[in-house]
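This is protein30.cif (mmCIF, C-alpha atoms and all ligand atoms).
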data_data
loop_
_atom_site.label_atom_id
_atom_site.label_comp_id
_atom_site.auth_asym_id
_atom_site.auth_seq_id
_atom_site.Cartn_x
_atom_site.Cartn_y
_atom_site.Cartn_z
CA LEU A 231 -56.46 -46.25 19.09
CA ARG A 232 -55.74 -49.30 16.97
CA GLU A 233 -57.00 -47.65 13.80
CA LYS A 234 -55.04 -44.48 14.57
CA TYR A 235 -51.87 -46.50 15.12
CA GLY A 236 -52.41 -47.98 11.66
CA GLU A 237 -52.47 -44.49 10.14
CA VAL A 238 -49.20 -43.66 11.90
CA GLU A 239 -47.63 -46.84 10.48
CA GLU A 240 -48.60 -45.75 6.96
CA ILE A 241 -46.90 -42.37 7.43
CA LYS A 242 -43.84 -44.14 8.82
CA LYS A 243 -43.57 -46.38 5.73
CA HIS A 244 -43.76 -43.36 3.48
CA ASN A 245 -41.11 -41.40 5.39
CA GLN A 246 -38.82 -44.38 5.89
CA SER A 247 -38.77 -45.07 2.18
CA ARG A 248 -37.90 -41.43 1.48
CA VAL A 249 -35.07 -41.53 4.03
CA LEU A 250 -33.74 -44.78 2.61
CA ARG A 251 -33.78 -43.30 -0.89
CA ALA A 252 -31.86 -40.27 0.41
CA PHE A 253 -29.15 -42.56 1.80
CA ARG A 254 -28.79 -44.40 -1.49
CA GLN A 255 -28.84 -41.23 -3.57
CA GLY A 256 -26.43 -39.55 -1.15
CA GLY A 257 -24.00 -42.41 -1.76
CA VAL A 258 -23.38 -43.07 1.95
CA LYS A 259 -20.30 -45.25 2.59
CA GLN A 260 -18.60 -46.65 5.68
CA TYR A 261 -15.76 -44.32 4.73
CA HIS A 262 -17.97 -41.30 5.56
CA PHE A 263 -18.27 -42.40 9.17
CA HIS A 264 -14.71 -41.38 10.03
CA ALA A 265 -14.44 -38.21 12.09
CA ALA A 266 -12.44 -35.26 10.80
CA THR A 267 -10.26 -33.27 13.20
CA GLY A 268 -8.76 -29.78 13.13
CA TYR A 269 -10.00 -27.59 10.29
CA GLY A 270 -11.82 -30.50 8.73
CA TYR A 271 -10.93 -29.41 5.19
CA GLY A 272 -12.21 -31.70 2.46
CA ASP A 273 -14.37 -33.77 4.82
CA GLU A 274 -16.47 -35.76 2.39
CA GLY A 275 -18.58 -37.26 5.18
CA ARG A 276 -19.78 -33.79 6.15
CA GLN A 277 -20.86 -33.09 2.58
CA VAL A 278 -22.62 -36.42 2.25
CA LEU A 279 -24.41 -35.93 5.58
CA ASP A 280 -25.72 -32.57 4.36
CA ARG A 281 -26.85 -34.14 1.07
CA THR A 282 -28.52 -37.08 2.78
CA PHE A 283 -30.41 -34.84 5.21
CA ALA A 284 -31.48 -32.62 2.30
CA GLY A 285 -32.88 -35.65 0.50
CA ALA A 286 -34.63 -36.95 3.60
CA LEU A 287 -36.28 -33.56 4.18
CA GLU A 288 -36.99 -32.93 0.46
CA ALA A 289 -34.95 -29.73 0.61
CA GLU A 290 -32.71 -28.27 -2.07
CA ASP A 291 -29.89 -28.03 0.47
CA CYS A 292 -29.18 -28.66 4.15
CA LEU A 293 -26.56 -27.74 6.73
CA VAL A 294 -26.28 -30.33 9.55
CA ARG A 295 -23.71 -29.82 12.26
CA ALA A 296 -23.05 -31.24 15.71
CA GLY A 297 -21.81 -27.75 16.58
CA ILE A 298 -25.29 -26.28 16.22
CA VAL A 299 -25.91 -26.62 19.93
CA SER A 300 -29.72 -26.64 20.04
CA GLY A 301 -32.91 -25.78 18.23
CA THR A 302 -32.66 -22.22 19.49
CA HIS A 303 -29.19 -21.94 17.97
CA ALA A 304 -30.43 -23.32 14.63
CA VAL A 305 -33.33 -20.85 14.47
CA SER A 306 -31.12 -17.98 15.65
CA LEU A 307 -28.62 -18.77 12.87
CA CYS A 308 -31.41 -18.47 10.33
CA TYR A 309 -32.55 -15.09 11.66
CA PHE A 310 -29.03 -13.68 11.80
CA GLY A 311 -28.11 -15.27 8.48
CA LEU A 312 -31.06 -13.68 6.67
CA LEU A 313 -31.78 -10.37 8.40
CA ARG A 314 -29.84 -7.12 8.14
CA PRO A 315 -30.23 -3.82 10.04
CA GLY A 316 -33.49 -2.13 9.09
CA ASP A 317 -35.12 -5.39 7.95
CA GLU A 318 -38.27 -6.63 9.55
CA LEU A 319 -39.11 -10.03 11.00
CA VAL A 320 -42.79 -10.91 11.36
CA SER A 321 -43.94 -13.86 13.43
CA VAL A 322 -47.32 -14.92 12.05
CA THR A 323 -47.97 -17.58 14.70
CA GLY A 324 -48.12 -15.28 17.72
CA LYS A 325 -45.53 -15.25 20.45
CA PRO A 326 -42.58 -17.45 19.55
CA TYR A 327 -41.02 -20.19 21.66
CA GLU A 328 -39.63 -18.79 24.93
CA THR A 329 -35.92 -18.97 24.16
CA LEU A 330 -36.52 -17.19 20.84
CA GLU A 331 -38.01 -14.21 22.64
CA LYS A 332 -34.50 -13.63 23.98
CA VAL A 333 -33.00 -14.00 20.50
CA ILE A 334 -35.42 -11.38 19.20
CA GLY A 335 -35.17 -9.18 22.29
CA LEU A 336 -38.92 -9.16 22.67
CA ASP A 337 -39.74 -8.22 26.28
CA SER A 338 -36.30 -8.13 27.77
CA TYR A 339 -32.96 -7.14 26.33
CA SER A 340 -30.15 -9.66 25.82
CA PRO A 341 -26.82 -8.47 24.43
CA GLY A 342 -26.50 -9.35 20.76
CA CYS A 343 -30.24 -9.91 20.21
CA LEU A 344 -31.91 -8.94 16.91
CA ARG A 345 -33.13 -5.67 18.43
CA ASP A 346 -29.51 -4.84 19.24
CA TRP A 347 -28.77 -5.06 15.50
CA GLY A 348 -31.62 -2.75 14.52
CA ILE A 349 -33.86 -5.51 13.23
CA LYS A 350 -37.55 -4.73 13.65
CA TYR A 351 -40.05 -7.26 14.89
CA ARG A 352 -43.81 -7.57 14.77
CA GLN A 353 -46.18 -10.44 15.40
CA VAL A 354 -49.61 -11.49 14.17
CA GLU A 355 -51.64 -13.29 16.81
CA LEU A 356 -53.35 -16.60 16.16
CA THR A 357 -57.15 -16.61 16.21
CA ALA A 358 -59.05 -17.53 19.38
CA GLU A 359 -59.08 -21.15 18.14
CA GLY A 360 -55.30 -21.08 17.74
CA LYS A 361 -55.46 -21.03 13.95
CA PRO A 362 -53.44 -18.71 11.69
CA ASP A 363 -55.27 -15.46 10.94
CA LEU A 364 -54.76 -15.33 7.17
CA GLY A 365 -56.51 -11.97 6.69
CA ALA A 366 -54.37 -10.31 9.36
CA ILE A 367 -51.25 -11.98 7.96
CA ARG A 368 -51.88 -10.57 4.47
CA GLN A 369 -52.26 -7.10 5.98
CA ALA A 370 -49.20 -7.36 8.19
CA ILE A 371 -46.70 -8.10 5.42
CA THR A 372 -45.08 -4.94 4.04
CA PRO A 373 -42.25 -4.33 1.55
CA GLN A 374 -39.91 -4.08 4.57
CA THR A 375 -40.80 -7.61 5.66
CA LYS A 376 -37.73 -9.69 4.97
CA VAL A 377 -38.52 -12.84 6.96
CA VAL A 378 -41.85 -14.32 7.99
CA SER A 379 -41.51 -16.77 10.86
CA ILE A 380 -43.89 -19.68 11.26
CA GLN A 381 -43.70 -21.94 14.32
CA ARG A 382 -45.07 -25.41 13.58
CA SER A 383 -45.12 -26.85 17.07
CA ARG A 384 -46.91 -25.40 20.08
CA GLY A 385 -43.95 -24.93 22.40
CA TYR A 386 -45.09 -24.26 25.95
CA ALA A 387 -48.40 -22.86 24.81
CA TRP A 388 -51.85 -24.31 25.10
CA ARG A 389 -52.61 -24.00 21.39
CA PRO A 390 -52.85 -26.56 18.60
CA SER A 391 -49.71 -27.16 16.60
CA LEU A 392 -49.87 -26.16 12.94
CA ALA A 393 -50.46 -28.96 10.46
CA ILE A 394 -48.51 -28.90 7.18
CA ASP A 395 -51.76 -27.88 5.43
CA ASP A 396 -52.05 -24.83 7.72
CA ILE A 397 -48.43 -23.94 6.98
CA ALA A 398 -49.14 -24.24 3.24
CA ASP A 399 -52.07 -21.80 3.62
CA ILE A 400 -49.91 -19.30 5.50
CA ILE A 401 -47.16 -19.47 2.87
CA LYS A 402 -49.68 -18.90 0.09
CA ALA A 403 -51.07 -15.84 1.88
CA VAL A 404 -47.59 -14.44 2.54
CA LYS A 405 -46.44 -14.92 -1.06
CA GLN A 406 -49.57 -13.16 -2.30
CA ALA A 407 -48.80 -10.20 -0.07
CA SER A 408 -45.10 -10.03 -0.96
CA ALA A 409 -43.04 -12.07 -3.37
CA ARG A 410 -39.90 -10.87 -1.57
CA ALA A 411 -40.69 -12.17 1.93
CA ILE A 412 -38.76 -15.28 2.97
CA CYS A 413 -40.97 -17.90 4.63
CA PHE A 414 -39.10 -19.53 7.49
CA VAL A 415 -40.48 -22.42 9.56
CA ASP A 416 -39.33 -23.39 13.06
CA ASN A 417 -39.74 -27.12 12.45
CA CYS A 418 -38.72 -28.30 15.95
CA TYR A 419 -40.61 -31.47 16.99
CA GLY A 420 -42.32 -31.76 13.61
CA GLU A 421 -39.96 -33.82 11.46
CA PHE A 422 -41.42 -37.07 10.07
CA VAL A 423 -44.76 -36.74 11.87
CA GLU A 424 -46.57 -36.03 8.60
CA GLU A 425 -45.68 -37.20 5.10
CA LYS A 426 -44.38 -33.79 4.06
CA GLU A 427 -42.09 -31.22 5.61
CA PRO A 428 -42.64 -27.45 5.33
CA VAL A 429 -40.18 -27.00 2.44
CA ALA A 430 -42.29 -29.40 0.37
CA VAL A 431 -45.22 -26.96 0.62
CA GLY A 432 -43.28 -23.83 -0.27
CA ALA A 433 -41.29 -22.83 2.83
CA ASP A 434 -38.01 -21.22 1.81
CA LEU A 435 -36.10 -22.33 4.89
CA MET A 436 -36.65 -24.39 8.03
CA ALA A 437 -34.62 -25.42 11.05
CA GLY A 438 -34.69 -27.97 13.84
CA SER A 439 -32.74 -29.75 16.57
CA LEU A 440 -31.04 -33.14 16.47
CA LEU A 441 -31.90 -33.52 20.16
CA LYS A 442 -35.45 -33.86 18.94
CA ASN A 443 -36.91 -35.87 16.03
CA PRO A 444 -34.22 -35.99 13.31
CA GLY A 445 -31.45 -37.05 15.71
CA GLY A 446 -33.26 -40.36 16.05
CA THR A 447 -32.31 -40.55 19.79
CA LEU A 448 -28.65 -41.16 18.85
CA ALA A 449 -27.27 -37.71 18.01
CA PRO A 450 -25.31 -36.42 21.02
CA SER A 451 -25.77 -32.81 19.86
CA GLY A 452 -26.65 -30.86 16.75
CA GLY A 453 -29.11 -29.04 14.57
CA TYR A 454 -29.97 -28.53 10.92
CA ILE A 455 -31.01 -25.78 8.54
CA ALA A 456 -32.69 -26.86 5.30
CA GLY A 457 -34.21 -25.14 2.29
CA LYS A 458 -33.14 -23.03 -0.67
CA ALA A 459 -29.42 -23.39 -1.32
CA SER A 460 -28.65 -19.65 -1.33
CA LEU A 461 -30.37 -19.18 2.05
CA VAL A 462 -28.64 -22.19 3.62
CA GLU A 463 -25.35 -20.73 2.36
CA ALA A 464 -26.12 -17.39 4.05
CA CYS A 465 -26.74 -19.15 7.36
CA ALA A 466 -23.58 -21.26 7.01
CA ALA A 467 -21.58 -18.02 6.71
CA ARG A 468 -23.04 -16.97 10.02
CA PHE A 469 -22.41 -20.40 11.62
CA THR A 470 -18.65 -20.32 10.98
CA ALA A 471 -17.42 -17.12 9.32
CA PRO A 472 -18.05 -15.28 6.07
CA GLY A 473 -15.84 -16.84 3.43
CA LEU A 474 -15.48 -20.08 5.37
CA GLY A 475 -19.14 -21.10 5.47
CA ARG A 476 -19.79 -24.81 5.41
CA ASP A 477 -16.36 -25.91 4.19
CA VAL A 478 -14.57 -26.05 7.54
CA GLY A 479 -15.06 -27.62 10.93
CA ALA A 480 -14.12 -30.81 12.74
CA SER A 481 -16.81 -33.46 13.20
CA LEU A 482 -17.04 -33.02 17.00
CA CYS A 483 -18.69 -36.42 17.30
CA ASP A 484 -18.72 -39.81 15.62
CA PRO A 485 -20.37 -38.98 12.26
CA ARG A 486 -21.92 -42.45 12.07
CA ILE A 487 -24.41 -41.64 14.81
CA LEU A 488 -25.77 -38.64 12.94
CA PHE A 489 -26.31 -40.80 9.84
CA GLN A 490 -27.76 -43.66 11.85
CA GLY A 491 -29.95 -41.32 13.91
CA LEU A 492 -31.47 -39.91 10.73
CA PHE A 493 -32.01 -43.42 9.42
CA LEU A 494 -33.87 -44.42 12.61
CA ALA A 495 -35.75 -41.15 13.06
CA PRO A 496 -38.96 -42.02 11.14
CA ILE A 497 -39.28 -45.25 13.16
CA PHE A 498 -38.82 -43.61 16.56
CA VAL A 499 -40.96 -40.63 15.59
CA ALA A 500 -43.81 -42.99 14.66
CA GLU A 501 -43.48 -44.68 18.07
CA ALA A 502 -43.41 -41.29 19.77
CA VAL A 503 -46.63 -40.28 18.00
CA LYS A 504 -48.34 -43.50 19.11
CA ALA A 505 -46.99 -42.95 22.63
CA ALA A 506 -48.48 -39.45 22.66
CA MET A 507 -51.86 -40.83 21.54
CA PHE A 508 -51.77 -43.41 24.32
CA ILE A 509 -50.84 -40.81 26.93
CA ALA A 510 -53.67 -38.56 25.72
CA ALA A 511 -56.20 -41.38 26.05
CA PHE A 512 -54.85 -42.54 29.42
CA MET A 513 -54.60 -39.13 31.08
CA GLN A 514 -58.00 -38.16 29.73
CA ALA A 515 -59.45 -41.32 31.26
CA LEU A 516 -57.95 -40.19 34.57
CA GLY A 517 -59.93 -36.96 34.23
CA PHE A 518 -57.30 -34.54 32.94
CA GLU A 519 -57.69 -32.16 30.03
CA VAL A 520 -55.35 -33.13 27.20
CA SER A 521 -54.26 -31.46 23.97
CA PRO A 522 -54.31 -32.81 21.32
CA GLY A 523 -57.06 -35.37 22.01
CA PRO A 524 -56.31 -39.07 21.50
CA GLN A 525 -58.02 -39.18 18.09
CA ASP A 526 -56.82 -35.79 16.80
CA LYS A 527 -54.58 -35.40 13.79
CA ARG A 528 -50.94 -34.86 14.82
CA THR A 529 -48.18 -32.73 13.36
CA ASP A 530 -45.63 -33.00 16.19
CA ILE A 531 -44.72 -35.41 18.99
CA ILE A 532 -45.85 -33.23 21.90
CA GLN A 533 -48.65 -34.22 24.25
CA ALA A 534 -49.87 -31.54 26.62
CA VAL A 535 -51.70 -32.52 29.79
CA ARG A 536 -53.21 -29.92 32.07
CA LEU A 537 -52.55 -31.11 35.61
CA GLY A 538 -53.92 -27.93 37.17
CA SER A 539 -51.64 -27.46 40.16
CA ALA A 540 -47.96 -27.02 40.88
CA GLU A 541 -48.07 -29.80 43.48
CA LEU A 542 -49.47 -32.33 41.06
CA MET A 543 -47.03 -31.21 38.38
CA VAL A 544 -43.97 -31.63 40.58
CA SER A 545 -45.15 -35.02 41.86
CA PHE A 546 -45.87 -36.20 38.33
CA MET A 547 -42.37 -35.21 37.20
CA GLU A 548 -40.81 -36.90 40.24
CA ALA A 549 -42.71 -40.08 39.43
CA LEU A 550 -41.67 -40.05 35.78
CA GLN A 551 -38.05 -39.55 36.74
CA LYS A 552 -38.28 -42.42 39.22
CA ALA A 553 -39.53 -44.70 36.42
CA SER A 554 -36.67 -43.77 34.03
CA PRO A 555 -33.85 -46.10 32.92
CA VAL A 556 -31.13 -43.50 33.71
CA ASP A 557 -30.86 -41.19 36.75
CA ALA A 558 -33.90 -42.78 38.38
CA HIS A 559 -32.50 -41.73 41.77
CA LEU A 560 -32.71 -38.02 40.98
CA ILE A 561 -35.54 -35.83 42.21
CA PRO A 562 -36.39 -33.12 39.67
CA GLU A 563 -37.01 -29.61 40.97
CA PRO A 564 -38.18 -26.45 39.23
CA ALA A 565 -35.21 -24.28 38.31
CA GLU A 566 -34.11 -21.34 36.22
CA LEU A 567 -32.89 -22.29 32.74
CA PRO A 568 -31.00 -20.06 30.32
CA GLY A 569 -33.49 -18.50 27.94
CA TYR A 570 -36.63 -19.20 30.00
CA GLU A 571 -38.61 -16.61 31.98
CA VAL A 572 -40.28 -18.81 34.60
CA PRO A 573 -38.81 -21.81 36.46
CA VAL A 574 -38.99 -24.99 34.43
CA ILE A 575 -39.20 -28.54 35.71
CA MET A 576 -38.00 -31.43 33.56
CA ALA A 577 -38.11 -35.17 33.91
CA GLY A 578 -35.86 -37.01 31.55
CA GLY A 579 -33.83 -40.04 32.51
CA THR A 580 -32.38 -40.16 29.02
CA PHE A 581 -29.14 -41.55 27.60
CA VAL A 582 -28.37 -38.30 25.77
CA ALA A 583 -28.91 -35.47 28.27
CA GLY A 584 -32.07 -33.56 27.41
CA ALA A 585 -32.82 -35.62 24.29
CA THR A 586 -36.55 -35.41 23.94
CA LEU A 587 -37.26 -38.18 21.43
CA GLU A 588 -36.24 -40.82 24.02
CA PHE A 589 -38.97 -39.87 26.52
CA SER A 590 -39.16 -36.71 28.52
CA ALA A 591 -41.55 -34.30 30.11
CA ASP A 592 -41.10 -30.66 30.88
CA ALA A 593 -43.17 -27.76 32.05
CA PRO A 594 -42.96 -24.13 33.06
CA VAL A 595 -44.16 -24.00 36.65
CA ALA A 596 -46.93 -21.46 36.08
CA PRO A 597 -50.65 -21.55 35.29
CA PRO A 598 -52.29 -23.45 33.62
CA TYR A 599 -49.88 -26.02 35.08
CA ALA A 600 -49.68 -28.05 31.91
CA VAL A 601 -46.94 -30.60 31.34
CA TYR A 602 -45.56 -31.29 27.87
CA ILE A 603 -44.63 -34.90 27.31
CA GLN A 604 -42.78 -36.14 24.25
CA GLY A 605 -40.92 -39.06 22.83
CA GLY A 606 -40.73 -42.71 23.73
CA VAL A 607 -38.56 -45.03 21.64
CA ASP A 608 -41.45 -47.44 21.73
CA LYS A 609 -45.09 -46.82 22.57
CA ASP A 610 -45.11 -49.62 25.16
CA TYR A 611 -42.11 -48.08 26.90
CA ALA A 612 -43.94 -44.75 27.11
CA ARG A 613 -46.96 -46.63 28.47
CA LEU A 614 -44.86 -48.22 31.22
CA MET A 615 -43.53 -44.79 32.19
CA VAL A 616 -46.82 -42.96 32.37
CA VAL A 617 -48.70 -45.79 34.07
CA ALA A 618 -45.93 -46.00 36.70
CA ALA A 619 -46.26 -42.25 37.24
CA ALA A 620 -50.03 -42.50 37.64
CA GLU A 621 -49.65 -45.34 40.16
CA GLU A 622 -47.28 -43.19 42.17
CA LEU A 623 -49.74 -40.28 42.20
CA TRP A 624 -52.50 -42.64 43.19
CA ALA A 625 -50.42 -44.07 46.05
CA LYS A 626 -49.85 -40.49 47.27
CA ARG A 627 -53.62 -39.92 47.00
CA LEU A 628 -53.11 -37.05 44.56
CA ILE A 629 -55.48 -38.59 42.05
CA LYS A 630 -58.67 -40.56 42.57
CA LEU A 631 -60.00 -43.38 40.45
C1 LIG A 701 -37.62 -27.02 21.42
C2 LIG A 701 -38.03 -25.89 20.59
C3 LIG A 701 -37.16 -24.85 20.28
C4 LIG A 701 -35.80 -24.73 20.88
O1 LIG A 701 -35.03 -25.87 20.82
P1 LIG A 701 -33.92 -26.13 21.95
O2 LIG A 701 -33.21 -27.32 21.42
O3 LIG A 701 -34.68 -26.39 23.21
O4 LIG A 701 -33.11 -24.91 22.02
C5 LIG A 701 -37.59 -23.86 19.43
N1 LIG A 701 -38.82 -23.89 18.92
C6 LIG A 701 -39.70 -24.88 19.19
C7 LIG A 701 -41.06 -24.85 18.59
C8 LIG A 701 -39.33 -25.91 20.04
O5 LIG A 701 -40.19 -26.90 20.31
#

Written as structure tokens, how would this file's structure read?
Ligand SMILES: *Cc1c(COP(=O)(O)O)cnc(C)c1O
Amino acid sequence: LREKYGEVEEIKKHNQSRVLRAFRQGGVKQYHFHAATGYGYGDEGRQVLDRTFAGALEAEDCLVRAGIVSGTHAVSLCYFGLLRPGDELVSVTGKPYETLEKVIGLDSYSPGCLRDWGIKYRQVELTAEGKPDLGAIRQAITPQTKVVSIQRSRGYAWRPSLAIDDIADIIKAVKQASARAICFVDNCYGEFVEEKEPVAVGADLMAGSLLKNPGGTLAPSGGYIAGKASLVEACAARFTAPGLGRDVGASLCDPRILFQGLFLAPIFVAEAVKAAMFIAAFMQALGFEVSPGPQDKRTDIIQAVRLGSAELMVSFMEALQKASPVDAHLIPEPAELPGYEVPVIMAGGTFVAGATLEFSADAPVAPPYAVYIQGGVDKDYARLMVVAAAEELWAKRLIKL
């Protein structure tokens, strides 16, 4: 992997220099690190944080808030900010991430979902190889199509994640079919893995979670929405209230850690990508099917490993938890989670609960019994974790060498 690691380092240098430039151009000062309370009127730090994130993501504008509680919330804000009754949302990357099915009201009904508001939904499946079906996408877009949703990362699906080049192709196809359609990208897990973000290749809007890549392992909560200024504005009106938009709101956390997390994000993301490559090579050597492969091009930090049985999956998670720096005494068990259809098991002895850039693994306990591993503040730390887990499985005679 040495050569591959070198490529990751090059991407890191590129992204780190862009982030650094965004800090300088944003005019970040110690003064901006003071938290605002109450209504938070005139909070300059909040404005500078937005500007700095926008620069780092090469977006015209960005809304970053600790009060955006998760990636699902960030994406949901975009849908509700942009769509009105009678409008149509088209997912062109097949079934969306599980929790977003609830937002849309896809198979089951949740109060307040898009369906509840009379917003129509259709989806275009990916091809058998998991690639976007550009012909079908062109046909699916109609004058009613207000928002086209593109999911960059695989989620809990055994399909390749979409590279920025694939996203660029989709956007081109959509814009040919309708100049009016807004191209939205669910950018969760993708930030800083490649040299460009979706807005740099024509996406109108994108969203992600600070508990993943751009929080740089430090953010205690939060999400962002970035893209065209008028669209970000529309989502900000939904986040607080029409007329208030982005100009109110207490900090809710120490603003410094959101700035510092963004500053560190390209470094930790690069380590996480190297960690994923190592895990792919290691688990493949142990005889498991992995996706992506160790040498494959990456566009997110997720490594999927097909363990093949619930027993192996649960034992693997237990072993990872046991090797963690925090909560090593806990024994993970599959459980219901809000927004998820099947029980999910998660291992994550992380400092920020559920923060996935630190090092975590999670999996729906259902066929094909694949676990999704992500993060690792350092590739050698991720190596320690996964090797410890393999030793534990070997001691239990669940794997053979
Ligand atoms: C994680 C994820 C989400 C949801 O983010 P949460 O923070 O878990 O709510 C949405 N889409 C994709 C592709 C994701 O990976």

Measuring atom to atom with only C-alpha atoms, identify which of A:Gly268, A:Gly301, A:Gly432, A:Gly385 is nearest to Lys405 (chain A). A:Gly432

Counting all atoms listed in the file, I want the residues whose atoms come within 8 Å of (-15.1, -30.3, 10.4) in the file frame, returned as a ChimeraX atom specification. /A:266-271,273,276,477-482

If I put a ball of radius 10 Å at (-52.0, -25.6, 15.5) in the file's coordinates, which residues poke into it when counting all atoms listed in the file, written as an mmCIF file with C-alpha atoms, in the coordinates of the input?
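Once written, result28.cif looks like this:
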data_model
loop_
_atom_site.group_PDB
_atom_site.id
_atom_site.type_symbol
_atom_site.label_atom_id
_atom_site.label_comp_id
_atom_site.auth_asym_id
_atom_site.auth_seq_id
_atom_site.Cartn_x
_atom_site.Cartn_y
_atom_site.Cartn_z
ATOM 1 C CA THR A 323 -47.970 -17.580 14.700
ATOM 2 C CA LEU A 356 -53.350 -16.600 16.160
ATOM 3 C CA GLU A 359 -59.080 -21.150 18.140
ATOM 4 C CA GLY A 360 -55.300 -21.080 17.740
ATOM 5 C CA LYS A 361 -55.460 -21.030 13.950
ATOM 6 C CA PRO A 362 -53.440 -18.710 11.690
ATOM 7 C CA GLN A 381 -43.700 -21.940 14.320
ATOM 8 C CA ARG A 382 -45.070 -25.410 13.580
ATOM 9 C CA SER A 383 -45.120 -26.850 17.070
ATOM 10 C CA ARG A 384 -46.910 -25.400 20.080
ATOM 11 C CA TRP A 388 -51.850 -24.310 25.100
ATOM 12 C CA ARG A 389 -52.610 -24.000 21.390
ATOM 13 C CA PRO A 390 -52.850 -26.560 18.600
ATOM 14 C CA SER A 391 -49.710 -27.160 16.600
ATOM 15 C CA LEU A 392 -49.870 -26.160 12.940
ATOM 16 C CA ALA A 393 -50.460 -28.960 10.460
ATOM 17 C CA ILE A 394 -48.510 -28.900 7.180
ATOM 18 C CA ASP A 396 -52.050 -24.830 7.720
ATOM 19 C CA ILE A 397 -48.430 -23.940 6.980
ATOM 20 C CA PRO A 522 -54.310 -32.810 21.320
ATOM 21 C CA ARG A 528 -50.940 -34.860 14.820
ATOM 22 C CA THR A 529 -48.180 -32.730 13.360
ATOM 23 C CA ASP A 530 -45.630 -33.000 16.190
#

List the neighbours of Cys483 (chain A) out to 8 Å using all atoms listed in the file; skip same-chain residues closer than 3 positions along the sequence, and give me the result as a PyMOL selection string. chain A and resi 265+296+450

9 Å from ligand LIG 701 (chain A) is the threshold here; counting all atoms listed in the file, which polymer residues fall inside it? Answer as a PyMOL selection string. chain A and resi 299-305+326-330+381-386+416-420+438-442+452-453+532+569+584-586

Val404 (chain A) environment, 10 Å, only C-alpha atoms, sequence neighbours closer than 4 positions dropped, as a PyMOL selection string: chain A and resi 322+364+367-372+378+398-400+408-413

Using all atoms listed in the file, which residues sit within 9 Å of Glu274 (chain A) once same-chain residues fewer than 4 positions away are excluded, as a ChimeraX atom specification? /A:261-262,278-279

Near-Arg345 (chain A) list (6 Å; only C-alpha atoms; drop same-chain fewer than 3 positions) as a tab-separated table (two decimals) with C-alpha atoms, in the coordinates of the input:
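As a result, selection.tsv now contains:
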chain	number	residue	atom	x	y	z
A	335	GLY	CA	-35.17	-9.18	22.29
A	348	GLY	CA	-31.62	-2.75	14.52
A	349	ILE	CA	-33.86	-5.51	13.23
